[in-house]
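*Asks:* Contents are mmCIF, C-alpha atoms (C1' of nucleotides); file name upload-v2.cif:
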data_work
loop_
_atom_site.label_atom_id
_atom_site.label_comp_id
_atom_site.auth_asym_id
_atom_site.auth_seq_id
_atom_site.Cartn_x
_atom_site.Cartn_y
_atom_site.Cartn_z
CA MET A 1 226.09 23.46 -40.65
CA THR A 2 228.54 22.75 -43.45
CA THR A 3 230.85 25.13 -45.22
CA ALA A 4 228.61 25.21 -48.31
CA GLN A 5 225.66 26.12 -46.14
CA ASN A 6 227.71 28.83 -44.45
CA ASP A 7 228.61 30.23 -47.85
CA ARG A 8 224.99 30.23 -48.90
CA VAL A 9 223.88 32.04 -45.73
CA ASP A 10 226.71 34.54 -46.07
CA ARG A 11 225.67 35.33 -49.60
CA TYR A 12 222.07 35.79 -48.42
CA LYS A 13 223.16 38.19 -45.70
CA ALA A 14 225.40 40.13 -48.05
CA ARG A 15 222.54 40.40 -50.49
CA CYS A 16 220.28 41.79 -47.80
CA LEU A 17 222.89 44.40 -46.98
CA THR A 18 223.25 45.63 -50.53
CA GLN A 19 219.48 45.87 -50.96
CA GLU A 20 219.25 48.12 -47.94
CA ARG A 21 220.71 50.85 -50.14
CA ASN A 22 218.56 50.10 -53.17
CA LEU A 23 216.45 53.25 -53.33
CA PHE A 24 213.96 51.69 -55.75
CA GLY A 25 213.25 48.80 -53.43
CA ARG A 26 213.25 50.89 -50.30
CA LEU A 27 210.81 53.45 -51.66
CA GLN A 28 208.52 50.70 -52.87
CA ALA A 29 208.51 48.97 -49.51
CA ALA A 30 207.94 52.19 -47.59
CA ALA A 31 205.01 53.15 -49.80
CA LEU A 32 203.46 49.74 -49.43
CA ALA A 33 203.90 49.78 -45.66
CA SER A 34 202.17 53.16 -45.66
CA ARG A 35 199.31 51.74 -47.66
CA THR A 36 198.99 48.84 -45.25
CA GLN A 37 198.81 51.24 -42.33
CA ALA A 38 196.05 53.20 -44.05
CA LYS A 39 194.10 50.03 -44.75
CA ARG A 40 194.43 48.95 -41.14
CA LEU A 41 193.20 52.32 -39.86
CA LEU A 42 190.27 52.37 -42.28
CA LYS A 43 189.37 48.85 -41.24
CA SER A 44 189.33 49.94 -37.60
CA LYS A 45 186.55 52.44 -38.38
CA GLY A 46 184.53 50.55 -40.97
CA ASP A 47 184.86 48.87 -44.33
CA LEU A 48 186.02 51.63 -46.66
CA SER A 49 188.67 50.69 -49.17
CA ILE A 50 191.55 53.06 -49.72
CA THR A 51 190.10 54.23 -53.01
CA GLU A 52 186.69 54.78 -51.44
CA TRP A 53 188.26 56.77 -48.62
CA ARG A 54 190.19 58.94 -51.08
CA VAL A 55 187.05 59.66 -53.08
CA LEU A 56 185.10 60.62 -49.97
CA TRP A 57 187.92 62.84 -48.70
CA ASP A 58 188.36 64.66 -52.00
CA LEU A 59 184.62 65.20 -52.35
CA ALA A 60 184.34 66.40 -48.76
CA GLU A 61 187.17 68.90 -49.30
CA ALA A 62 186.49 70.09 -52.80
CA GLY A 63 183.46 68.36 -54.33
CA PRO A 64 181.70 68.00 -56.63
CA LEU A 65 184.58 66.65 -58.76
CA THR A 66 185.00 64.79 -62.02
CA VAL A 67 186.69 61.41 -62.24
CA THR A 68 189.70 62.96 -63.93
CA GLU A 69 189.99 65.66 -61.29
CA MET A 70 189.98 63.11 -58.50
CA ALA A 71 192.50 60.98 -60.34
CA SER A 72 194.74 64.02 -60.71
CA ILE A 73 194.43 65.05 -57.05
CA GLN A 74 195.18 61.50 -55.93
CA ARG A 75 197.91 60.93 -58.53
CA THR A 76 196.14 57.72 -59.58
CA ASP A 77 194.67 56.37 -62.76
CA HIS A 78 191.08 57.28 -63.66
CA ALA A 79 190.32 53.60 -64.24
CA LEU A 80 190.57 52.83 -60.54
CA ILE A 81 188.19 55.58 -59.59
CA SER A 82 185.75 54.81 -62.41
CA ARG A 83 185.59 51.25 -61.18
CA THR A 84 184.94 52.28 -57.59
CA ILE A 85 182.18 54.79 -58.16
CA PRO A 86 179.30 52.42 -59.01
CA ALA A 87 179.60 50.54 -55.72
CA MET A 88 179.77 53.82 -53.82
CA ILE A 89 176.61 54.91 -55.59
CA GLU A 90 175.02 51.61 -54.63
CA LYS A 91 175.99 52.22 -50.99
CA GLY A 92 174.47 55.67 -51.21
CA TYR A 93 177.69 57.52 -50.43
CA VAL A 94 177.93 59.50 -53.67
CA ALA A 95 175.74 60.57 -56.54
CA THR A 96 176.76 61.48 -60.07
CA LYS A 97 175.35 63.65 -62.77
CA THR A 98 176.49 64.43 -66.28
CA GLY A 99 178.39 67.68 -66.56
CA THR A 100 176.45 70.57 -68.08
CA THR A 101 179.35 72.37 -69.74
CA ASP A 102 181.02 69.12 -70.87
CA ARG A 103 178.71 66.20 -71.31
CA ARG A 104 181.58 63.75 -71.30
CA THR A 105 182.24 64.43 -67.67
CA SER A 106 180.71 62.74 -64.70
CA LEU A 107 180.36 65.08 -61.74
CA VAL A 108 180.54 63.17 -58.46
CA ALA A 109 179.21 64.60 -55.21
CA LEU A 110 178.88 63.41 -51.61
CA THR A 111 175.47 62.44 -50.31
CA ALA A 112 174.43 63.06 -46.71
CA ALA A 113 175.19 59.41 -45.98
CA GLY A 114 178.57 59.78 -47.63
CA ARG A 115 179.27 62.88 -45.55
CA SER A 116 178.39 60.93 -42.45
CA VAL A 117 180.69 58.03 -43.31
CA PHE A 118 183.44 60.49 -44.17
CA GLU A 119 183.13 62.17 -40.79
CA GLY A 120 183.09 58.88 -38.92
CA THR A 121 186.33 57.92 -40.58
CA SER A 122 188.17 61.21 -40.87
CA VAL A 123 189.15 61.43 -37.22
CA ILE A 124 191.56 58.50 -37.34
CA MET A 125 192.94 59.60 -40.68
CA SER A 126 193.46 63.15 -39.38
CA GLN A 127 195.24 61.71 -36.38
CA ARG A 128 197.48 59.79 -38.74
CA ARG A 129 198.44 62.99 -40.50
CA ALA A 130 198.93 64.83 -37.22
CA ALA A 131 201.12 62.02 -35.94
CA LEU A 132 203.22 62.23 -39.09
CA SER A 133 203.62 65.95 -38.48
CA THR A 134 205.09 65.25 -35.05
CA ALA A 135 207.51 62.73 -36.58
CA PHE A 136 208.66 65.09 -39.36
CA SER A 137 209.19 68.83 -39.02
CA GLU A 138 208.23 71.19 -41.82
CA ALA A 139 211.91 71.41 -42.74
CA ASP A 140 212.22 67.61 -42.82
CA LEU A 141 209.15 67.49 -45.02
CA ASP A 142 210.61 70.06 -47.40
CA VAL A 143 213.75 67.96 -47.81
CA PHE A 144 211.79 64.75 -48.21
CA LEU A 145 209.41 66.20 -50.80
CA GLY A 146 212.32 67.77 -52.65
CA LEU A 147 214.05 64.41 -52.89
CA ILE A 148 210.82 62.79 -54.05
CA ASP A 149 210.42 65.50 -56.70
CA ARG A 150 213.92 64.72 -57.97
CA PHE A 151 213.23 60.99 -57.93
CA GLU A 152 210.04 61.46 -59.91
CA GLN A 153 211.88 63.55 -62.46
CA PHE A 154 214.39 60.73 -62.78
CA VAL A 155 211.84 57.99 -63.38
CA GLU A 156 209.81 60.07 -65.78
CA ASP A 157 212.67 61.61 -67.73
CA PRO A 158 213.53 59.41 -70.71
CA LYS A 159 216.82 61.27 -71.17
CA SER A 160 218.39 59.47 -68.24
CA LEU A 161 218.28 56.21 -70.16
CA SER A 162 218.48 57.47 -73.73
CA PRO A 163 220.51 55.98 -76.57
CA ALA A 164 223.08 58.75 -76.08
CA THR A 165 223.63 57.53 -72.54
CA GLU A 166 223.93 54.00 -73.82
CA GLY A 167 226.48 55.09 -76.33
CA THR A 168 228.75 56.54 -73.71
CA ALA A 169 228.42 53.60 -71.35
CA MET B 1 181.98 80.13 -67.01
CA THR B 2 179.69 80.99 -64.11
CA THR B 3 180.65 81.93 -60.56
CA ALA B 4 179.62 78.51 -59.25
CA GLN B 5 181.86 76.88 -61.82
CA ASN B 6 184.72 79.20 -60.88
CA ASP B 7 184.26 78.23 -57.26
CA ARG B 8 184.31 74.56 -58.14
CA VAL B 9 187.50 74.93 -60.17
CA ASP B 10 189.12 77.01 -57.46
CA ARG B 11 188.36 74.33 -54.89
CA TYR B 12 189.84 71.69 -57.20
CA LYS B 13 193.02 73.71 -57.66
CA ALA B 14 193.33 74.37 -53.95
CA ARG B 15 192.85 70.70 -53.27
CA CYS B 16 195.65 69.85 -55.70
CA LEU B 17 197.94 72.27 -53.92
CA THR B 18 197.36 70.78 -50.50
CA GLN B 19 197.91 67.24 -51.79
CA GLU B 20 201.32 68.24 -53.13
CA ARG B 21 202.50 68.23 -49.52
CA ASN B 22 200.77 65.00 -48.57
CA LEU B 23 203.77 62.76 -47.95
CA PHE B 24 201.66 59.60 -47.95
CA GLY B 25 200.29 60.33 -51.39
CA ARG B 26 203.55 61.61 -52.78
CA LEU B 27 205.54 58.58 -51.66
CA GLN B 28 202.92 56.26 -53.07
CA ALA B 29 202.91 57.99 -56.44
CA ALA B 30 206.70 58.07 -56.65
CA ALA B 31 206.97 54.37 -55.86
CA LEU B 32 204.36 53.52 -58.44
CA ALA B 33 206.07 55.66 -61.07
CA SER B 34 209.29 53.83 -60.29
CA ARG B 35 207.57 50.50 -60.73
CA THR B 36 206.15 51.63 -64.04
CA GLN B 37 209.63 52.62 -65.20
CA ALA B 38 210.95 49.21 -64.23
CA LYS B 39 208.16 47.46 -66.10
CA ARG B 40 208.80 49.54 -69.18
CA LEU B 41 212.53 48.77 -69.13
CA LEU B 42 211.90 45.05 -68.62
CA LYS B 43 209.41 45.08 -71.46
CA SER B 44 212.04 46.66 -73.73
CA LYS B 45 214.29 43.61 -73.23
CA GLY B 46 211.76 40.80 -73.06
CA ASP B 47 208.70 39.70 -71.18
CA LEU B 48 209.90 39.33 -67.60
CA SER B 49 207.53 40.56 -64.94
CA ILE B 50 208.93 42.60 -62.09
CA THR B 51 208.66 39.67 -59.71
CA GLU B 52 210.37 37.37 -62.19
CA TRP B 53 213.19 39.87 -62.66
CA ARG B 54 213.64 40.20 -58.92
CA VAL B 55 213.83 36.43 -58.50
CA LEU B 56 216.39 36.10 -61.29
CA TRP B 57 218.47 38.95 -59.91
CA ASP B 58 218.52 37.61 -56.37
CA LEU B 59 219.40 34.11 -57.54
CA ALA B 60 222.12 35.43 -59.81
CA GLU B 61 223.65 37.42 -56.96
CA ALA B 62 223.17 35.06 -54.05
CA GLY B 63 221.40 31.88 -55.09
CA PRO B 64 220.31 29.26 -54.30
CA LEU B 65 217.75 30.93 -52.03
CA THR B 66 214.52 29.96 -50.28
CA VAL B 67 211.22 31.68 -50.94
CA THR B 68 211.36 33.34 -47.55
CA GLU B 69 214.90 34.59 -48.13
CA MET B 70 213.95 36.14 -51.44
CA ALA B 71 210.86 37.70 -49.90
CA SER B 72 213.02 39.19 -47.18
CA ILE B 73 215.65 40.53 -49.61
CA GLN B 74 212.94 42.08 -51.76
CA ARG B 75 210.84 43.31 -48.87
CA THR B 76 207.81 41.55 -50.35
CA ASP B 77 205.39 38.89 -49.27
CA HIS B 78 206.31 35.25 -49.83
CA ALA B 79 202.92 34.65 -51.45
CA LEU B 80 203.89 36.72 -54.49
CA ILE B 81 207.10 34.79 -55.00
CA SER B 82 205.49 31.42 -54.37
CA ARG B 83 202.97 32.18 -57.05
CA THR B 84 205.60 33.21 -59.56
CA ILE B 85 207.96 30.26 -59.20
CA PRO B 86 205.92 27.57 -61.00
CA ALA B 87 205.75 29.58 -64.24
CA MET B 88 209.46 30.28 -64.03
CA ILE B 89 210.08 26.57 -63.62
CA GLU B 90 207.86 25.95 -66.63
CA LYS B 91 209.92 28.46 -68.64
CA GLY B 92 213.08 26.67 -67.53
CA TYR B 93 214.57 29.68 -65.78
CA VAL B 94 214.76 28.18 -62.29
CA ALA B 95 214.72 24.81 -60.62
CA THR B 96 213.73 23.97 -57.06
CA LYS B 97 214.59 21.23 -54.62
CA THR B 98 213.48 20.53 -51.09
CA GLY B 99 215.93 21.76 -48.47
CA THR B 100 218.04 19.04 -46.86
CA THR B 101 218.44 20.63 -43.44
CA ASP B 102 214.83 21.86 -43.33
CA ARG B 103 212.41 19.96 -45.48
CA ARG B 104 209.84 22.71 -45.31
CA THR B 105 212.00 24.94 -47.44
CA SER B 106 212.11 25.16 -51.18
CA LEU B 107 215.58 26.00 -52.46
CA VAL B 108 215.40 27.85 -55.75
CA ALA B 109 218.34 28.08 -58.15
CA LEU B 110 219.01 29.60 -61.55
CA THR B 111 219.25 27.30 -64.54
CA ALA B 112 221.60 28.03 -67.44
CA ALA B 113 218.62 29.39 -69.37
CA GLY B 114 217.69 31.56 -66.42
CA ARG B 115 221.25 32.86 -66.18
CA SER B 116 221.12 33.72 -69.87
CA VAL B 117 217.83 35.61 -69.53
CA PHE B 118 219.19 37.37 -66.48
CA GLU B 119 222.25 38.54 -68.36
CA GLY B 120 220.22 39.70 -71.35
CA THR B 121 218.13 41.86 -69.07
CA SER B 122 220.61 43.00 -66.49
CA VAL B 123 222.32 45.56 -68.71
CA ILE B 124 219.34 47.89 -68.88
CA MET B 125 218.58 47.44 -65.21
CA SER B 126 222.22 48.16 -64.29
CA GLN B 127 222.05 51.27 -66.43
CA ARG B 128 218.98 52.31 -64.53
CA ARG B 129 220.81 52.03 -61.24
CA ALA B 130 223.86 53.84 -62.65
CA ALA B 131 221.65 56.63 -63.95
CA LEU B 132 220.09 56.96 -60.52
CA SER B 133 223.59 57.26 -59.06
CA THR B 134 224.31 60.23 -61.31
CA ALA B 135 221.04 61.86 -60.22
CA PHE B 136 221.68 61.33 -56.49
CA SER B 137 225.03 61.59 -54.74
CA GLU B 138 225.97 59.21 -51.95
CA ALA B 139 225.20 62.00 -49.48
CA ASP B 140 221.79 62.58 -51.06
CA LEU B 141 221.13 58.87 -50.85
CA ASP B 142 222.10 58.80 -47.17
CA VAL B 143 219.60 61.56 -46.44
CA PHE B 144 216.88 59.96 -48.53
CA LEU B 145 217.34 56.52 -46.97
CA GLY B 146 217.44 58.06 -43.51
CA LEU B 147 214.12 59.79 -44.12
CA ILE B 148 212.66 56.57 -45.47
CA ASP B 149 213.89 54.73 -42.35
CA ARG B 150 212.09 57.25 -40.17
CA PHE B 151 208.95 57.03 -42.27
CA GLU B 152 208.94 53.26 -42.01
CA GLN B 153 209.32 53.49 -38.26
CA PHE B 154 206.35 55.79 -38.21
CA VAL B 155 204.04 53.56 -40.22
CA GLU B 156 205.07 50.45 -38.32
CA ASP B 157 205.11 51.90 -34.83
CA PRO B 158 201.71 51.44 -33.15
CA LYS B 159 202.65 53.98 -30.47
CA SER B 160 202.10 56.89 -32.83
CA LEU B 161 198.41 56.12 -32.97
CA SER B 162 197.88 54.47 -29.60
CA PRO B 163 194.91 54.88 -27.21
CA ALA B 164 197.05 57.19 -25.09
CA THR B 165 197.40 59.49 -28.08
CA GLU B 166 193.70 59.33 -28.66
CA GLY B 167 193.05 60.17 -25.04
CA THR B 168 195.04 63.37 -25.27
CA ALA B 169 193.47 64.46 -28.56
"C1'" DT C 1 208.92 11.40 -24.96
"C1'" DT C 2 204.83 13.77 -25.94
"C1'" DA C 3 202.20 17.87 -26.63
"C1'" DT C 4 202.06 22.39 -28.10
"C1'" DT C 5 203.61 26.24 -30.65
"C1'" DT C 6 205.92 28.23 -34.40
"C1'" DT C 7 207.49 28.40 -39.09
"C1'" DA C 8 207.96 27.63 -44.54
"C1'" DC C 9 205.46 27.67 -48.34
"C1'" DG C 10 201.63 26.93 -51.38
"C1'" DT C 11 196.92 28.52 -52.47
"C1'" DG C 12 192.75 31.38 -52.87
"C1'" DA C 13 190.24 35.69 -52.62
"C1'" DC C 14 190.33 40.34 -52.99
"C1'" DA C 15 192.21 45.30 -53.57
"C1'" DA C 16 195.11 48.53 -55.92
"C1'" DG C 17 197.26 49.57 -59.94
"C1'" DT C 18 198.47 49.71 -65.37
"C1'" DC C 19 197.35 49.55 -69.99
"C1'" DA C 20 194.52 48.94 -73.96
"C1'" DC C 21 190.40 49.77 -75.96
"C1'" DA C 22 185.75 51.64 -77.10
"C1'" DT C 23 182.41 55.25 -77.31
"C1'" DA C 24 180.78 59.75 -77.01
"C1'" DA C 25 181.83 64.49 -76.69
"C1'" DT C 26 184.72 68.35 -77.51
"C1'" DC C 27 188.26 70.87 -79.79
"C1'" DT C 28 191.14 72.06 -83.73
"C1'" DT C 29 192.18 72.12 -88.49
"C1'" DT C 30 190.86 72.24 -93.19
"C1'" DA D 1 180.65 73.15 -92.27
"C1'" DA D 2 183.07 68.92 -92.38
"C1'" DA D 3 187.00 66.23 -91.20
"C1'" DG D 4 190.39 65.00 -88.12
"C1'" DA D 5 192.43 64.97 -83.56
"C1'" DT D 6 191.99 64.99 -78.72
"C1'" DT D 7 189.76 64.10 -74.37
"C1'" DA D 8 186.47 62.02 -70.44
"C1'" DT D 9 185.01 57.96 -68.78
"C1'" DG D 10 183.79 53.26 -68.53
"C1'" DT D 11 185.38 48.44 -69.11
"C1'" DG D 12 188.30 44.31 -69.40
"C1'" DA D 13 192.55 41.81 -68.75
"C1'" DC D 14 196.47 41.36 -66.33
"C1'" DT D 15 200.14 42.29 -62.54
"C1'" DT D 16 201.42 43.29 -57.95
"C1'" DG D 17 200.39 43.14 -53.40
"C1'" DT D 18 197.86 41.65 -48.71
"C1'" DC D 19 195.75 38.54 -45.83
"C1'" DA D 20 193.80 34.27 -44.42
"C1'" DC D 21 194.17 29.62 -44.41
"C1'" DG D 22 195.94 24.81 -44.69
"C1'" DT D 23 199.53 21.38 -44.39
"C1'" DA D 24 203.86 19.68 -43.20
"C1'" DA D 25 208.00 20.28 -40.72
"C1'" DA D 26 210.66 22.12 -37.08
"C1'" DA D 27 211.23 24.11 -32.57
"C1'" DT D 28 209.90 24.60 -27.91
"C1'" DA D 29 207.57 23.43 -23.69
"C1'" DA D 30 205.75 20.11 -20.58
#
Mind turning this structure into structure tokens?

*Replies:*
Amino acid sequence: MTTAQNDRVDRYKARCLTQERNLFGRLQAAALASRTQAKRLLKSKGDLSITEWRVLWDLAEAGPLTVTEMASIQRTDHALISRTIPAMIEKGYVATKTGTTDRRTSLVALTAAGRSVFEGTSVIMSQRRAALSTAFSEADLDVFLGLIDRFEQFVEDPKSLSPATEGTA
Amino acid sequence: MTTAQNDRVDRYKARCLTQERNLFGRLQAAALASRTQAKRLLKSKGDLSITEWRVLWDLAEAGPLTVTEMASIQRTDHALISRTIPAMIEKGYVATKTGTTDRRTSLVALTAAGRSVFEGTSVIMSQRRAALSTAFSEADLDVFLGLIDRFEQFVEDPKSLSPATEGTA
DNA sequence: TTATTTTACGTGACAAGTCACATAATCTTT
DNA sequence: AAAGATTATGTGACTTGTCACGTAAAATAA
């Protein structure tokens, strides 16, 4: 290996080191790894997608629910849920009816088949949550969630990157 | 509002409360909010996608780099980068050549135009990182990264959800 | 030296996610 | 009561990401 190649590899390694402290990148990667784990666990028990699993879980815990309510609970966009519901209806897992007090809403409820699929899948997902609870104490979790709260405030607060800030930079 | 409706709303609210302490969901939402912020900032300075920005940034800091090296630095899959490179070549931002020591590799380097686009965009992205540094001290960051390390170990460690665990449950 | 295994990267299919938009329904203002 | 503004949901287009696969090249084993 030549000196130029050594330089190139050194730069690569240095770059990797600096990115280990890049909170944006690290959070992204951790969240995606988490998602991959969930997909793998769901796959081991059937063919539910993550969105389908979330819908079933929310409905099992608190249904019937509107699309917007589920989106809010899951901190996701209503579009994703809206797009998932028809196939779940087709599979017989959920049924919808127009809201009586607000005819814009679509009230989604579990069917018996949906309840059954939920129960067949919930064991592994409960185990996942229980395993996480052994890895992180309640105090750890408080710290973690507090840091996440602060991070979310940062990314959603326009003031942190306002013209005034630019003026002083 | 009837009693049944009250019950339904109460269940929804209770469900929201429990999900506030769901670390999986919270981490996911925070990472996605961060990504959205990045996209918004990039959009304010041009039309770079997140993947394009990441490629430019890595190359500016440590280029030339292979697809696998960039994927490793960014903690992403090589497929995403491979798919992005041709358009960036078309735009004149990067150029590639086959590696001399390993002809399987594709060495990607910034062009002068790419350097220029990088520099036009890097100010706002640097400001973003600086703003994050004012929101989180080095000590905060150490704690946060440590918790993320532990979370990543959890989601990647098969032992936490092994048959032995299932046997004892 | 040959055979086998592993690796780099390009490609395709699909899921998860964002944003814009449209339509209908509801709410607020005039 | 009518007009204007806001909201719920469905849809489409696009990005970001995963996984599987194929091919060529490199590494390892026989």

*Asks:* Please write the residues picked by the PyMOL selection byres ((chain D) within 10 of (chain A)) on this file as a PyMOL selection string.

*Replies:* chain D and resi 7-11+17-18

*Asks:* May I have the selected residues written with C-alpha atoms (C1' of nucleotides), as an mmCIF file, in the frame of the given file?

*Replies:*
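Written output follows (out_36.cif):
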data_model
loop_
_atom_site.group_PDB
_atom_site.id
_atom_site.type_symbol
_atom_site.label_atom_id
_atom_site.label_comp_id
_atom_site.auth_asym_id
_atom_site.auth_seq_id
_atom_site.Cartn_x
_atom_site.Cartn_y
_atom_site.Cartn_z
ATOM 1 C "C1'" DT D 7 189.760 64.100 -74.370
ATOM 2 C "C1'" DA D 8 186.470 62.020 -70.440
ATOM 3 C "C1'" DT D 9 185.010 57.960 -68.780
ATOM 4 C "C1'" DG D 10 183.790 53.260 -68.530
ATOM 5 C "C1'" DT D 11 185.380 48.440 -69.110
ATOM 6 C "C1'" DG D 17 200.390 43.140 -53.400
ATOM 7 C "C1'" DT D 18 197.860 41.650 -48.710
#

*Asks:* Quick one: residues within 10 Å of C:DA20, all atoms listed in the file, excluding same-chain residues fewer than 2 positions away - as a ChimeraX atom specification?

*Replies:* /C:18,22 /D:12-13

*Asks:* To one decimal place, how far is atom CA of A:Ser126 from atom CA of B:Phe24 in Å?

*Replies:*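 Separation of atom CA of A:Ser126 and atom CA of B:Phe24: 12.4 Å.
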
*Asks:* Chain A residues within 6 Å of chain B, counting all atoms listed in the file: which ones, as a PyMOL selection string?

*Replies:* chain A and resi 11-12+16+27-28+30-31+34+62+73+152+155

*Asks:* Identify all residues satisfying the PyMOL selection byres ((chain C) within 10 of (chain A)) in the given file; provide them as a list in words.

*Replies:* DA15, DA16, DG17, DT18, DC19, DA24, DA25 and DT26 of chain C

*Asks:* Do you know which residues lie at most 12 Å from (202.0, 28.6, -31.7), with coordinates as in the file and all atoms listed in the file counted, and could you write them as a ChimeraX atom specification?

*Replies:* /C:3-7 /D:27-29

*Asks:* Name the residues that the PyMOL selection byres ((chain A and resi 113) around 9) pulls out of this structure, and write them as JSON, numbers by chain.

*Replies:* {"A": [91, 92, 93, 94, 110, 111, 112, 114, 115, 116, 117, 118]}

*Asks:* Measure the distance from atom CA of B:Gly99 to atom CA of B:Ala60 in Å and round it to one decimal.

*Replies:* 18.8 Å

*Asks:* What is the distance between atom CA of A:Glu90 and atom CA of A:Ser44, in Å to one decimal?

*Replies:*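 Computing it gives 22.3 Å between the two atoms.
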